[in-house]
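For reference, run32.txt is printed below; it contains compact mmCIF, C-alpha atoms.
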```
# COMPACT_ATOMS: atom_id res chain seq x y z
CA MET A 1 -20.77 -9.82 9.19
CA LEU A 2 -20.77 -12.50 6.51
CA ASP A 3 -17.69 -12.91 4.34
CA GLY A 4 -19.67 -12.08 1.20
CA ASP A 5 -21.01 -8.88 2.74
CA ALA A 6 -17.53 -7.80 3.84
CA SER A 7 -16.16 -8.50 0.37
CA THR A 8 -18.88 -6.41 -1.27
CA ILE A 9 -18.33 -3.53 1.15
CA ARG A 10 -14.56 -3.67 0.61
CA LYS A 11 -14.91 -3.50 -3.17
CA LEU A 12 -17.26 -0.51 -2.91
CA LEU A 13 -14.99 1.36 -0.50
CA GLU A 14 -11.92 0.61 -2.62
CA VAL A 15 -13.63 2.13 -5.67
CA ILE A 16 -14.38 5.31 -3.72
CA VAL A 17 -10.88 5.63 -2.21
CA LYS A 18 -9.21 5.03 -5.59
CA ALA A 19 -11.47 7.65 -7.21
CA GLN A 20 -10.46 10.14 -4.50
CA ILE A 21 -6.78 9.40 -5.15
CA ARG A 22 -7.19 9.94 -8.89
CA ASN A 23 -9.08 13.20 -8.36
CA THR A 24 -6.62 14.53 -5.77
CA LEU A 25 -3.45 13.63 -7.69
CA LEU A 26 -5.01 14.53 -11.09
CA ILE A 27 -3.70 11.32 -12.62
CA GLY A 28 -6.76 10.06 -14.51
CA ASP A 29 -6.18 6.44 -15.47
CA ASP A 30 -2.39 6.78 -15.75
CA TYR A 31 -1.78 4.52 -12.74
CA ARG A 32 -2.93 1.20 -11.33
CA ILE A 33 -3.68 1.61 -7.62
CA VAL A 34 -3.15 -1.01 -4.91
CA LEU A 35 -4.39 -0.10 -1.43
CA HIS A 36 -2.35 -1.11 1.64
CA ILE A 37 -2.48 -0.88 5.41
CA SER A 38 0.37 1.65 5.36
CA ALA A 39 2.94 3.36 3.17
CA ARG A 40 5.64 1.03 4.52
CA SER A 41 3.47 -1.91 3.43
CA ALA A 42 3.23 -0.37 -0.06
CA ILE A 43 7.03 0.04 -0.21
CA LEU A 44 7.53 -3.58 0.89
CA SER A 45 5.06 -4.79 -1.76
CA PHE A 46 6.75 -2.78 -4.50
CA PHE A 47 10.21 -4.17 -3.80
CA GLN A 48 8.84 -7.70 -3.35
CA GLY A 49 7.23 -7.42 -6.77
CA LEU A 50 10.23 -6.14 -8.71
CA SER A 51 11.32 -8.25 -11.65
CA ARG A 52 14.77 -9.38 -10.61
CA GLY A 53 16.46 -10.13 -13.90
CA ARG A 54 19.60 -8.43 -12.58
CA GLY A 55 19.69 -10.27 -9.27
CA VAL A 56 19.14 -8.61 -5.89
CA PRO A 57 17.86 -5.06 -6.53
CA MET A 58 19.80 -2.09 -5.26
CA ALA A 59 18.04 1.13 -4.26
CA LEU A 60 19.34 4.64 -3.75
CA VAL A 61 17.57 6.20 -0.76
CA GLN A 62 18.10 9.58 0.86
CA ASP A 63 20.25 9.61 3.99
CA TYR A 64 17.67 11.40 6.16
CA ILE A 65 14.27 9.69 6.36
CA CYS A 66 12.04 7.79 8.79
CA ALA A 67 13.72 4.44 9.47
CA SER A 68 10.59 2.54 8.41
CA VAL A 69 11.32 3.34 4.75
CA PRO A 70 14.75 1.64 4.45
CA HIS A 71 13.57 -1.10 6.84
CA ALA A 72 10.75 -2.00 4.42
CA ILE A 73 13.19 -2.04 1.49
CA GLU A 74 15.64 -4.30 3.32
CA GLN A 75 12.83 -6.59 4.47
CA ALA A 76 12.00 -7.15 0.80
CA GLY A 77 15.59 -8.30 0.24
CA ALA A 78 16.96 -5.23 -1.54
CA ILE A 79 20.30 -3.51 -0.95
CA ILE A 80 20.39 0.15 0.11
CA HIS A 81 22.87 2.88 -0.76
CA CYS A 82 22.25 6.42 0.46
CA TYR A 83 22.44 9.82 -1.22
CA PRO A 84 22.70 13.12 0.71
CA LEU A 85 20.14 15.90 0.92
CA GLY A 86 21.05 19.57 0.61
CA LYS A 87 20.34 22.39 3.08
CA THR A 88 16.70 22.71 2.00
CA LEU A 89 16.25 18.92 2.09
CA VAL A 90 16.33 18.48 -1.69
CA PRO A 91 18.91 16.10 -3.24
CA ASP A 92 22.03 17.75 -4.58
CA GLU A 93 21.48 17.24 -8.29
CA LYS A 94 25.11 16.88 -9.35
CA GLU A 95 25.97 14.53 -6.51
CA LEU A 96 22.90 12.37 -7.11
CA ASP A 97 23.63 12.20 -10.84
CA SER A 98 27.16 11.07 -10.05
CA LEU A 99 25.95 8.38 -7.63
CA ILE A 100 23.46 7.04 -10.17
CA GLU A 101 26.11 6.87 -12.87
CA GLU A 102 28.65 5.22 -10.55
CA ASN A 103 26.32 2.68 -8.90
CA SER A 104 23.74 1.93 -11.63
CA PRO A 105 20.94 1.41 -9.07
CA ASP A 106 17.82 -0.51 -10.00
CA VAL A 107 15.64 1.99 -8.12
CA VAL A 108 15.96 5.59 -6.97
CA LEU A 109 13.52 6.55 -4.22
CA PHE A 110 12.65 10.23 -3.87
CA SER A 111 11.03 11.02 -0.51
CA PRO A 112 10.28 14.73 -0.04
CA ILE A 113 10.01 15.51 3.67
CA PHE A 114 8.92 18.52 5.71
CA GLY A 115 7.43 20.38 2.71
CA ALA A 116 10.42 19.93 0.38
CA GLN A 117 8.28 18.74 -2.56
CA GLY A 118 8.10 21.11 -5.52
CA GLU A 119 9.96 22.19 -8.65
CA ALA A 120 13.44 21.12 -7.54
CA TYR A 121 12.26 17.56 -6.87
CA ASP A 122 10.04 17.45 -9.95
CA ARG A 123 12.93 18.41 -12.21
CA GLN A 124 15.10 15.52 -11.03
CA ILE A 125 12.26 13.01 -11.05
CA LYS A 126 11.24 13.98 -14.57
CA LYS A 127 14.81 13.83 -15.86
CA TRP A 128 15.45 10.31 -14.61
CA SER A 129 11.95 9.03 -15.39
CA GLU A 130 12.52 9.95 -19.04
CA ALA A 131 16.12 8.69 -19.22
CA ASP A 132 16.65 5.71 -21.52
CA GLY A 133 17.97 2.73 -19.58
CA GLY A 134 17.91 4.66 -16.31
CA PRO A 135 16.80 3.42 -12.90
CA ILE A 136 13.20 2.87 -11.87
CA ILE A 137 11.97 6.07 -10.22
CA VAL A 138 9.71 5.86 -7.18
CA LEU A 139 8.17 8.97 -5.61
CA ASP A 140 7.40 8.51 -1.93
CA GLN A 141 4.59 11.02 -1.25
CA ALA A 142 4.06 9.81 2.31
CA GLN A 143 4.30 13.30 3.82
CA PHE A 144 2.04 15.20 1.44
CA MET A 145 -1.02 14.72 -0.75
CA GLY A 146 -1.58 16.79 -3.88
CA PRO A 147 -1.51 16.93 -7.69
CA LEU A 148 1.20 14.80 -9.28
CA SER A 149 3.17 17.07 -11.59
CA CYS A 150 5.45 14.33 -12.95
CA ARG A 151 4.94 10.69 -13.91
CA PRO A 152 7.46 8.34 -12.25
CA GLU A 153 7.09 4.58 -12.61
CA ALA A 154 5.69 4.24 -9.09
CA VAL A 155 4.25 6.44 -6.35
CA ILE A 156 3.82 5.69 -2.63
CA LEU A 157 1.05 7.37 -0.62
CA SER A 158 0.32 7.52 3.10
CA PHE A 159 -2.98 8.46 4.69
CA HIS A 160 -1.74 8.08 8.24
CA ASN A 161 -2.17 11.37 10.09
CA LYS A 162 -0.10 13.54 7.74
CA SER A 163 -2.16 15.26 5.04
CA ILE A 164 -5.44 14.14 6.57
CA ASP A 165 -6.56 13.23 10.09
CA SER A 166 -6.80 9.48 9.61
CA MET A 167 -5.62 6.15 10.96
CA ASN A 168 -3.32 3.99 8.83
CA GLY A 169 -3.74 3.43 5.11
CA GLY A 170 -1.28 3.57 2.23
CA ALA A 171 -1.25 3.03 -1.52
CA LEU A 172 1.08 1.83 -4.25
CA LEU A 173 0.56 3.45 -7.66
CA LEU A 174 2.12 1.77 -10.69
CA HIS A 175 2.23 3.58 -14.02
CA GLN A 176 0.30 1.79 -16.75
CA SER A 177 3.39 1.78 -18.99
CA PHE A 178 5.56 0.21 -16.28
CA HIS A 179 5.56 -3.59 -16.24
CA GLY A 180 8.63 -4.27 -14.08
CA CYS A 181 6.72 -4.89 -10.87
CA LYS A 182 4.15 -7.55 -10.00
CA PRO A 183 3.22 -7.01 -6.34
CA PRO A 184 2.34 -10.19 -4.44
CA PRO A 185 -1.21 -10.53 -3.04
CA SER A 186 -1.86 -8.68 0.21
CA ARG A 187 -3.50 -10.39 3.15
CA ASP A 188 -6.58 -9.28 5.08
CA ILE A 189 -5.80 -8.18 8.66
CA GLY A 190 -8.95 -9.84 10.06
CA ILE A 191 -11.93 -8.58 12.02
CA ASN A 192 -10.18 -8.48 15.41
CA LYS A 193 -7.54 -6.04 14.19
CA GLU A 194 -10.24 -4.01 12.41
CA PHE A 195 -11.98 -3.48 15.76
CA TYR A 196 -8.65 -2.75 17.42
CA LEU A 197 -7.89 0.02 14.89
CA ALA A 198 -11.33 1.56 15.38
CA ILE A 199 -10.86 1.68 19.15
CA LEU A 200 -7.28 2.94 18.81
CA PHE A 201 -8.31 5.75 16.45
CA ARG A 202 -11.08 6.86 18.81
CA SER A 203 -8.78 6.80 21.85
CA LEU A 204 -6.02 8.71 20.02
CA ARG A 205 -8.44 11.45 19.02
CA LYS A 206 -9.78 11.74 22.55
CA GLY A 207 -6.32 11.68 24.08
CA ARG A 208 -4.63 14.29 21.92
CA SER A 209 -2.39 16.76 23.69
CA LYS A 210 -4.07 19.98 24.75
CA VAL A 211 -2.59 23.28 25.81
CA GLY A 212 -0.70 22.70 29.04
CA GLU A 213 -0.28 18.96 28.45
CA VAL A 214 2.69 19.04 26.08
CA ASN A 215 6.10 18.19 27.54
CA GLU A 216 8.26 21.30 27.62
CA VAL A 217 11.46 19.28 27.19
CA VAL A 218 12.57 17.44 24.03
CA GLN A 219 13.80 14.01 25.06
CA PRO A 220 17.44 13.25 24.24
CA GLY A 221 18.35 10.95 21.37
CA PHE A 222 16.78 10.53 17.96
CA ALA A 223 13.44 9.47 16.52
CA TYR A 224 13.64 5.80 15.54
CA ASP A 225 10.78 3.68 14.22
CA ASP A 226 11.54 -0.01 14.72
CA SER A 227 8.29 -1.08 12.96
CA GLN A 228 7.93 -4.12 15.22
CA TYR A 229 4.30 -4.06 16.34
CA PHE A 230 0.87 -3.78 14.74
CA PRO A 231 -0.28 -1.47 13.22
CA ASP A 232 3.23 -0.12 12.53
CA LYS A 233 4.70 -3.51 11.69
CA ILE A 234 6.00 -3.84 8.13
CA GLU A 235 3.80 -6.42 6.43
CA ASN A 236 2.08 -6.80 3.07
CA ALA A 237 -1.51 -6.24 4.19
CA LYS A 238 -4.66 -4.74 2.70
CA MET A 239 -6.03 -1.37 3.68
CA PRO A 240 -8.39 -1.94 6.64
CA LEU A 241 -12.12 -1.27 6.18
CA VAL A 242 -12.11 1.16 9.10
CA SER A 243 -9.22 3.09 7.53
CA MET A 244 -11.10 3.37 4.23
CA LEU A 245 -14.18 4.76 5.97
CA ILE A 246 -12.09 7.40 7.76
CA ILE A 247 -10.09 8.24 4.63
CA ILE A 248 -13.22 8.75 2.51
CA ALA A 249 -14.55 11.31 5.00
CA GLU A 250 -11.19 12.99 5.61
CA MET A 251 -10.13 13.37 1.96
CA MET A 252 -13.03 15.80 1.52
CA LYS A 253 -11.37 18.06 4.11
CA LEU A 254 -7.93 18.18 2.44
CA GLU A 255 -8.17 21.79 1.20
CA HIS A 256 -9.57 22.87 4.56
CA TYR A 257 -6.60 21.34 6.35
CA LEU A 258 -4.17 23.12 4.00
CA GLU A 259 -5.79 26.47 4.85
CA ILE A 260 -5.53 25.71 8.57
CA ARG A 261 -1.87 24.77 8.25
CA ARG A 262 -1.02 27.96 6.38
CA TYR A 263 -2.65 29.93 9.19
CA ASN A 264 -0.91 27.88 11.89
CA PHE A 265 2.48 28.19 10.23
CA GLN A 266 2.36 31.98 10.32
CA LYS A 267 1.37 31.91 14.00
CA LEU A 268 4.13 29.45 14.87
CA ARG A 269 6.67 31.31 12.78
CA GLN A 270 5.94 34.52 14.69
CA ARG A 271 6.64 32.74 17.96
CA ILE A 272 9.80 31.05 16.73
CA GLU A 273 11.32 34.16 15.12
CA LYS A 274 11.18 35.99 18.46
CA ILE A 275 13.74 33.55 19.85
CA PRO A 276 17.42 34.13 18.96
CA GLY A 277 19.20 31.07 17.60
CA ALA A 278 16.10 29.34 16.17
CA HIS A 279 15.92 29.00 12.37
CA ILE A 280 13.07 27.51 10.37
CA VAL A 281 14.35 25.69 7.27
CA LEU A 282 12.26 27.20 4.48
CA THR A 283 11.50 24.26 2.23
CA GLU A 284 9.42 24.93 -0.88
CA ASN A 285 6.08 24.08 0.75
CA VAL A 286 7.00 24.55 4.39
CA ASP A 287 3.74 26.33 5.26
CA THR A 288 1.54 23.29 4.51
CA ALA A 289 3.83 20.53 5.78
CA ALA A 290 2.57 18.18 8.49
CA ARG A 291 5.85 18.90 10.24
CA PHE A 292 8.26 21.68 9.32
CA PRO A 293 12.04 21.62 9.91
CA ILE A 294 13.89 23.82 12.35
CA ARG A 295 17.52 24.20 13.47
CA PHE A 296 18.92 25.64 16.69
CA ASP A 297 22.22 27.35 17.43
CA ASP A 298 22.35 25.91 20.94
CA ASP A 299 20.41 24.03 23.61
CA ASP A 300 19.07 27.27 25.08
CA SER A 301 17.27 28.25 21.85
CA LEU A 302 15.85 24.70 21.61
CA SER A 303 14.55 24.93 25.16
CA GLN A 304 12.99 28.36 24.60
CA VAL A 305 11.18 27.27 21.43
CA THR A 306 9.99 24.06 23.07
CA ARG A 307 8.51 25.99 26.00
CA SER A 308 6.94 28.62 23.75
CA LEU A 309 5.26 26.09 21.46
CA ALA A 310 4.07 24.01 24.42
CA GLU A 311 1.97 27.04 25.41
CA VAL A 312 -0.21 26.40 22.33
CA GLY A 313 -0.08 22.61 22.55
CA ILE A 314 2.60 22.03 19.89
CA ARG A 315 5.45 19.53 20.15
CA VAL A 316 9.00 19.76 18.85
CA GLY A 317 10.07 16.45 17.32
CA ARG A 318 13.51 14.89 17.59
CA PRO A 319 15.78 14.42 14.53
CA TYR A 320 15.44 11.17 12.59
CA SER A 321 18.00 8.55 13.53
CA ARG A 322 19.95 6.58 10.96
CA TYR A 323 17.98 3.50 9.96
CA ASP A 324 20.93 1.22 10.79
CA ASP A 325 22.01 2.99 14.00
CA PRO A 326 19.33 4.41 16.35
CA SER A 327 22.01 6.17 18.39
CA SER A 328 23.15 8.48 15.56
CA SER A 329 21.66 10.79 12.92
CA SER A 330 22.89 12.21 9.63
CA ARG A 331 21.38 15.54 10.76
CA PRO A 332 21.54 15.61 14.55
CA GLY A 333 20.63 19.31 14.68
CA LEU A 334 17.50 19.12 12.49
CA TYR A 335 14.31 19.07 14.56
CA SER A 336 10.72 19.37 13.38
CA VAL A 337 7.58 21.17 14.54
CA ALA A 338 4.14 19.61 14.23
CA ASN A 339 1.48 21.61 12.36
CA PRO A 340 -1.90 20.26 13.53
CA PHE A 341 -5.28 19.89 11.84
CA HIS A 342 -6.92 22.48 14.10
CA ARG A 343 -6.30 26.21 14.36
CA ILE A 344 -3.95 27.02 17.20
CA GLY A 345 -4.44 29.81 19.70
CA PRO A 346 -2.64 33.16 19.80
```
Would you give me this structure, written as C-alpha cells?
Amino acid sequence: MLDGDASTIRKLLEVIVKAQIRNTLLIGDDYRIVLHISARSAILSFFQGLSRGRGVPMALVQDYICASVPHAIEQAGAIIHCYPLGKTLVPDEKELDSLIEENSPDVVLFSPIFGAQGEAYDRQIKKWSEADGGPIIVLDQAQFMGPLSCRPEAVILSFHNKSIDSMNGGALLLHQSFHGCKPPPSRDIGINKEFYLAILFRSLRKGRSKVGEVNEVVQPGFAYDDSQYFPDKIENAKMPLVSMLIIIAEMMKLEHYLEIRRYNFQKLRQRIEKIPGAHIVLTENVDTAARFPIRFDDDDSLSQVTRSLAEVGIRVGRPYSRYDDPSSSSRPGLYSVANPFHRIGP
C-alpha cells in the first residue's frame, strides 16, 4: 500500500470513528477528539500536553484502578496522590473534597470501574468542573461507553474489549473551551505491527475460553499490568488502521451487547446468590459492566463461585494490585466477574 493511499484511508476511517464517538456520547461538537492506540496512550498524551505553568503537575487518582493508569501518568512526569473509593466504588465526596482543598492538585482523574458510573460520579464531576480556580477534571471512561451527562475538561475512552468486542484503540477528548493541554503528535505504529494486531485479534477470537476450558482455581496474588510490551506498552501512538476497522463495525453492536450483558448478569447473579458467603457489589450500572465486582467471606465461597462460573465458561478475576507494589492491593478481597459479549448457557 502506498503512503498516500494509507493516509487517505486513515483520514476517512478517523472521520467515521469520531462521528461514532460523538453520536454515542451525545457530545455534538463540544470536544476535540484525538484517536490513540489505547486509553493508556491517551492518558500519557494528555499529561504530556499539560501546560506546566505551575511546575510538575500533580494528579489525584483513585486508590483502586488498573496499574496502567497511574503508570501512564508517571511516565508523563506527573506526581500522583491517591484518594479512596467507598463501598460501592464511588469516591467519598467529603473526603475527596478535603483532599482537593488540602493538596490543590492540578488534575483530578475520575475512573468509574465495574459499573460504578452514574449520578454519584456525575455530581462530583459537575461540581468540580464548574468550580472557579479548581483542578482540571478528567473522566476516564475506559470501562464503559455511553452518553456523557457532564462536561469535564477531558475524557478518556477505551475500545479494547470492554464495551465492544474490539482490539486496542483509545481516544482523548478535549473540551473546546479548555486550552490547557496541547498533546504532542502521535506516531504511526507501522505496517508490521498493523499486521501483527490483525493476526493477534483473529487468534484471540478463535482461542477464547469455552465451557470446560476455564480454570476452576483463581491464581494467588493480584492483577498487575506492567505495560511493558506491545500492544500494551504505554506509548504515544496513533490508533491502528485495523483497530479502526474493527471499532467501526463493533460500535454498531453496542446496544446489542448491553442487552446481552443484562441477560448474562441475571443468569450469573442467580448462580452466585446460591452460594453462601458470596456478595456481588451492586454498583449503579453493575448489570452492564464488562466486569462486575464481588466479595467473598472466605476461601471456600471463592472456590465454589469459581467452580460454578467455570461451568458456563466465565472467569473470576483477581483484585487489582497497587500500581507501586504488585504484591499488595488496597482491596485484597474485591474480585471481579467477566460478563461476555455472548449469551451464556443456563
task: One decimal, Å: what's the distance from CA of Arg318 (chain A) over to CA of Tyr224 (chain A), could you say?
output: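 If I compute the distance from CA of Arg318 (chain A) to CA of Tyr224 (chain A), I get 9.3 Å.
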- prompt: Of the candidates A:Leu157, A:Cys181, A:Ile294, A:Pro340, which one gets nearest to Arg22 (chain A) if we count only C-alpha atoms?
  reply: A:Leu157
With all atoms listed in the file counted and 8 Å as the cut-off, give the residues of region 135-246 of chain A in contact with region 112-118 of chain A, each with its shortest interatomic distance in Å and the pair that gives it, as a Markdown table.
```
| residue | atom | partner | partner_atom | distance |
| --- | --- | --- | --- | --- |
| A:Asp140 | CA | A:Pro112 | CA | 7.1 |
| A:Gln141 | CA | A:Pro112 | CA | 6.9 |
| A:Gln143 | CA | A:Ile113 | CA | 6.1 |
| A:Phe144 | CA | A:Gly115 | CA | 7.6 |
```
- request: Can you work out which one of A:His71, A:Arg123, A:Arg295, A:Arg269 has the shortest atom-to-atom distance to Asp225 (chain A), counting all atoms listed in the file?
  value: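 The closest residue to Asp225 (chain A) is A:His71.
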task: Point out the residue among A:Ile280, A:Ile199, A:Leu174, A:Leu334 with the least atom-to-atom distance to Asp29 (chain A), counting only C-alpha atoms.
output: A:Leu174
message: Using all atoms listed in the file, which protein or nucleic acid residues come within 12 Å of region 228-232 of chain A? Drop anything in the same chain fewer than 4 positions from it, and give the result as a ChimeraX atom specification.
response: /A:36-41,67-69,71-72,160,167-170,189,193-194,196-198,200-201,224,236-240,243
- line: Here CA of Val337 (chain A) and CA of Ile314 (chain A) stand apart by 7.4 Å
message: Residues within 9 Å of Leu302 (chain A), please, as an MDAnalysis selection string. Count all atoms listed in the file; anything in the same chain fewer than 3 positions from it doesn't count.
response: chainID A and resid 217:218 277:278 295:299 305:307 316
Selection file, C-alpha atoms, as a PDB file, in the coordinates of the input:
```pdb
ATOM      1  CA  VAL A 217      11.460  19.280  27.190  1.00  0.00           C
ATOM      2  CA  VAL A 218      12.570  17.440  24.030  1.00  0.00           C
ATOM      3  CA  GLY A 277      19.200  31.070  17.600  1.00  0.00           C
ATOM      4  CA  ALA A 278      16.100  29.340  16.170  1.00  0.00           C
ATOM      5  CA  ARG A 295      17.520  24.200  13.470  1.00  0.00           C
ATOM      6  CA  PHE A 296      18.920  25.640  16.690  1.00  0.00           C
ATOM      7  CA  ASP A 297      22.220  27.350  17.430  1.00  0.00           C
ATOM      8  CA  ASP A 298      22.350  25.910  20.940  1.00  0.00           C
ATOM      9  CA  ASP A 299      20.410  24.030  23.610  1.00  0.00           C
ATOM     10  CA  VAL A 305      11.180  27.270  21.430  1.00  0.00           C
ATOM     11  CA  THR A 306       9.990  24.060  23.070  1.00  0.00           C
ATOM     12  CA  ARG A 307       8.510  25.990  26.000  1.00  0.00           C
ATOM     13  CA  VAL A 316       9.000  19.760  18.850  1.00  0.00           C
TER      14      VAL A 316
END
```
Distance query Asn339 (chain A) at most 12 Å, only C-alpha atoms, self and fewer than 2 positions along chain excluded, as a short mmCIF file (atom, residue, chain, number, x, y, z; two decimals) with C-alpha atoms, in the frame of the given file:
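For reference, selection.cif as written:
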```
data_model
loop_
_atom_site.label_atom_id
_atom_site.label_comp_id
_atom_site.auth_asym_id
_atom_site.auth_seq_id
_atom_site.Cartn_x
_atom_site.Cartn_y
_atom_site.Cartn_z
CA PHE A 114 8.92 18.52 5.71
CA GLY A 115 7.43 20.38 2.71
CA ASN A 161 -2.17 11.37 10.09
CA LYS A 162 -0.10 13.54 7.74
CA SER A 163 -2.16 15.26 5.04
CA ILE A 164 -5.44 14.14 6.57
CA ASP A 165 -6.56 13.23 10.09
CA TYR A 257 -6.60 21.34 6.35
CA LEU A 258 -4.17 23.12 4.00
CA GLU A 259 -5.79 26.47 4.85
CA ILE A 260 -5.53 25.71 8.57
CA ARG A 261 -1.87 24.77 8.25
CA ARG A 262 -1.02 27.96 6.38
CA TYR A 263 -2.65 29.93 9.19
CA ASN A 264 -0.91 27.88 11.89
CA PHE A 265 2.48 28.19 10.23
CA GLN A 266 2.36 31.98 10.32
CA LYS A 267 1.37 31.91 14.00
CA LEU A 268 4.13 29.45 14.87
CA ARG A 269 6.67 31.31 12.78
CA VAL A 286 7.00 24.55 4.39
CA ASP A 287 3.74 26.33 5.26
CA THR A 288 1.54 23.29 4.51
CA ALA A 289 3.83 20.53 5.78
CA ALA A 290 2.57 18.18 8.49
CA ARG A 291 5.85 18.90 10.24
CA PHE A 292 8.26 21.68 9.32
CA PRO A 293 12.04 21.62 9.91
CA LEU A 309 5.26 26.09 21.46
CA VAL A 312 -0.21 26.40 22.33
CA GLY A 313 -0.08 22.61 22.55
CA ILE A 314 2.60 22.03 19.89
CA ARG A 315 5.45 19.53 20.15
CA VAL A 316 9.00 19.76 18.85
CA GLY A 317 10.07 16.45 17.32
CA SER A 336 10.72 19.37 13.38
CA VAL A 337 7.58 21.17 14.54
CA PHE A 341 -5.28 19.89 11.84
CA HIS A 342 -6.92 22.48 14.10
CA ARG A 343 -6.30 26.21 14.36
CA ILE A 344 -3.95 27.02 17.20
#
```
message: Could you tell me how far CA of Met252 (chain A) sits from CA of Gly190 (chain A), in Å to one decimal place?
response: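 Separation between CA of Gly190 (chain A) and CA of Met252 (chain A): 27.3 Å.
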